Structures are given as C-alpha cells and as structure tokens.
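Everything below concerns the one structure shown next.
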Amino acid sequence: MSADHEVRQTSKLIMAGCLTLLSCTVACQPKAPPDTLSADESTIRDLDAQWSEVAAAKDTESTVSYYAEDAALMPPNAPIINGKDAIRSFWRSMLAGPGFSVNWKATKAEVARSGDFAYVIGIYELTANDARGQRVNDRGKYSEVWRKQTNGKWSVVADMFNSDLPLPRTAEETRK
C-alpha cells in the first residue's frame, strides 16, 4: 500500500468521522418549544372572562381562586393588599356590600415570548352603595399580571384598578 493511498484513506476516515459528529450534533439539538403564545392568550382572555362571571355571582372563593398565593391587589385609594388571605378579606367585604355588582372585560391581552407571564388591560363597571346608602356607579380601567405556575395553571400575581370618574367634590369646593 502506498503512502498516498494511506493518506487518502485516513482523510476519508477523518471526513466520515467529522460528518458523523456533525450529524449527531444537529440531531441532538433541543427542539424549539411549540409556539403556544396564541393559545395562551386565548386561555388568559377566557380565564379573565370567567373570573368576571364568578365575581358578578358574588362567589368569594371562586373569585379569589384566580390569584397566586403571593399576589398583590392594588385597589384605588388604599394600600397594597399582599397575599391571598388578605385579598380574600378584601373581596369578601366588597362582594357582601349592599348594592354591590361588578363586571369587567379585557380589551388587550398579551403573553410574553417566554410563555410564563402575561398581562391583561380592560375596563370595568362597578356599583355599590355609599356610606349614606346611595347607589354609586363607577367605571374605570384595570390591569392584571398573570404568571404561569409550575403546574401549567395561570394565576394573577398583580391586580390593579382605578376609576375613570373625577373625585367627588369636597364640601368646601361645593360652597365656592
């Protein structure tokens, strides 16, 4: 066997080895996860609509079930309410209030490219009796941050709402 023949054989073996390694490298690459953003957005919109329905039905436990354990609720004119138990107390008081009714509707929902966070923006209508027993109608906007839990379930981690209506006039402003 000639030296030239041996070099060609060695080159062929090296080339075959390189191609084998390249093939293994390509085949072993992790597959891109399926794009679920559209499905997740639809899920978030559905969950938000269901959440509005159970709140309108004055079902405290179902209403609170949409929150993560470490959630924060930021109602207007009040401090942040942290944790599911404190949020439960807030909702129990709201839903039990005389003349109370609420509903909301998402106007925008978007899921992060990572697929583990989403936000919702929307509008709400709320009715309740004030301290004098007078019916008060409110409307406003809200924003929610949802996080996908390790079990795949979406939960709200931040919830904020505020009125579109002007603040009521004080007695001093009314006298002027």
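Chain identifiers are assigned as A, B, and so on, following the order in which chains appear in the structure tokens; residues are numbered from 1 within each chain, and ligands are numbered from 1 in order of appearance.
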For Gly115 of chain A, find every residue with an atom within 8 Å (counting only C-alpha atoms), except residues of its own chain fewer than 6 positions away, and show them as a ChimeraX atom specification.
/A:36-37,40,148
Quick one: everything within 12 Å of Gly152 of chain A, counting only C-alpha atoms, minus sequence neighbours fewer than 5 positions away in the same chain. Send it as a PyMOL selection string.
chain A and resi 40+43+115-117+146-147
Any chance you could list, as an NGL selection string, the residues in segment 109-175 of chain A that come up strand (DSSP E or B) when DSSP is run on the backbone?
:A and (109-111 or 117-129 or 135-148 or 154-163)
Excluding Ser38 of chain A and any residue of its chain fewer than 5 positions from it, enumerate the residues within 12 Å of it, using only C-alpha atoms, and give them as a CSV table (one decimal) with N, CA and C atoms, in the first residue's frame.
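Produced file out29.csv, reproduced below:
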```csv
chain,number,residue,atom,x,y,z
A,43,THR,N,-56.4,31.5,26.3
A,43,THR,CA,-56.6,31.0,27.6
A,43,THR,C,-56.8,32.1,28.7
A,44,ILE,N,-55.8,33.1,28.6
A,44,ILE,CA,-55.9,34.2,29.5
A,44,ILE,C,-57.2,35.0,29.4
A,45,ARG,N,-57.6,35.3,28.1
A,45,ARG,CA,-58.8,36.0,27.9
A,45,ARG,C,-60.0,35.2,28.5
A,109,ALA,N,-54.8,41.6,25.7
A,109,ALA,CA,-54.1,40.6,26.5
A,109,ALA,C,-52.9,40.2,25.6
A,110,GLU,N,-51.8,40.1,26.3
A,110,GLU,CA,-50.5,39.7,25.6
A,110,GLU,C,-49.7,38.8,26.5
A,111,VAL,N,-49.1,37.8,25.9
A,111,VAL,CA,-48.3,36.8,26.6
A,111,VAL,C,-46.8,37.1,26.2
A,112,ALA,N,-46.0,37.0,27.2
A,112,ALA,CA,-44.5,37.2,27.0
A,112,ALA,C,-44.0,36.1,26.1
A,113,ARG,N,-43.0,36.4,25.3
A,113,ARG,CA,-42.4,35.4,24.4
A,113,ARG,C,-41.9,34.2,25.2
A,115,GLY,N,-43.5,32.8,27.5
A,115,GLY,CA,-44.6,32.0,27.7
A,115,GLY,C,-45.0,31.8,29.2
A,118,ALA,N,-48.0,37.0,31.4
A,118,ALA,CA,-49.0,37.7,30.5
A,118,ALA,C,-49.6,38.9,31.2
```
Alpha helix (DSSP H) residues, from DSSP on the backbone, in segment 29-122 of chain A, as a ChimeraX atom specification:
/A:37-56,60-64,84-96
Of the candidates A:Leu73, A:Val102, A:Ala86, A:Val120, which one gets nearest to Asp48 of chain A if we count only C-alpha atoms?
A:Val120
Shell around Met160 of chain A at 12 Å using only C-alpha atoms, local window under 4 positions removed, as number ranges by chain
A: 71-81, 119-124, 140-145, 156
Which residue out of A:Lys12, A:Thr170, A:Lys105, A:Phe100 has the minimum interatomic distance to Asp46 of chain A when only C-alpha atoms are used?
A:Lys105
Atom CA of Gln50 of chain A to atom CA of Val64 of chain A: how many Å, to one decimal?
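According to the coordinates, atom CA of Gln50 of chain A and atom CA of Val64 of chain A are separated by 12.2 Å.
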To one decimal in Å, tell me the separation between atom CA of Asn137 of chain A and atom CA of Gly97 of chain A.
13.7 Å
In terms of the shortest atom-to-atom distance over only C-alpha atoms, which of A:Asp70, A:Glu61, A:Ala106, A:Lys84 is closest to Ala49 of chain A?
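Between A:Asp70, A:Glu61, A:Ala106, A:Lys84, the residue approaching Ala49 of chain A most closely is A:Ala106.
One distance worth recording is that between atom CA of Pro98 of chain A and atom CA of Ser62 of chain A, which is 19.8 Å.
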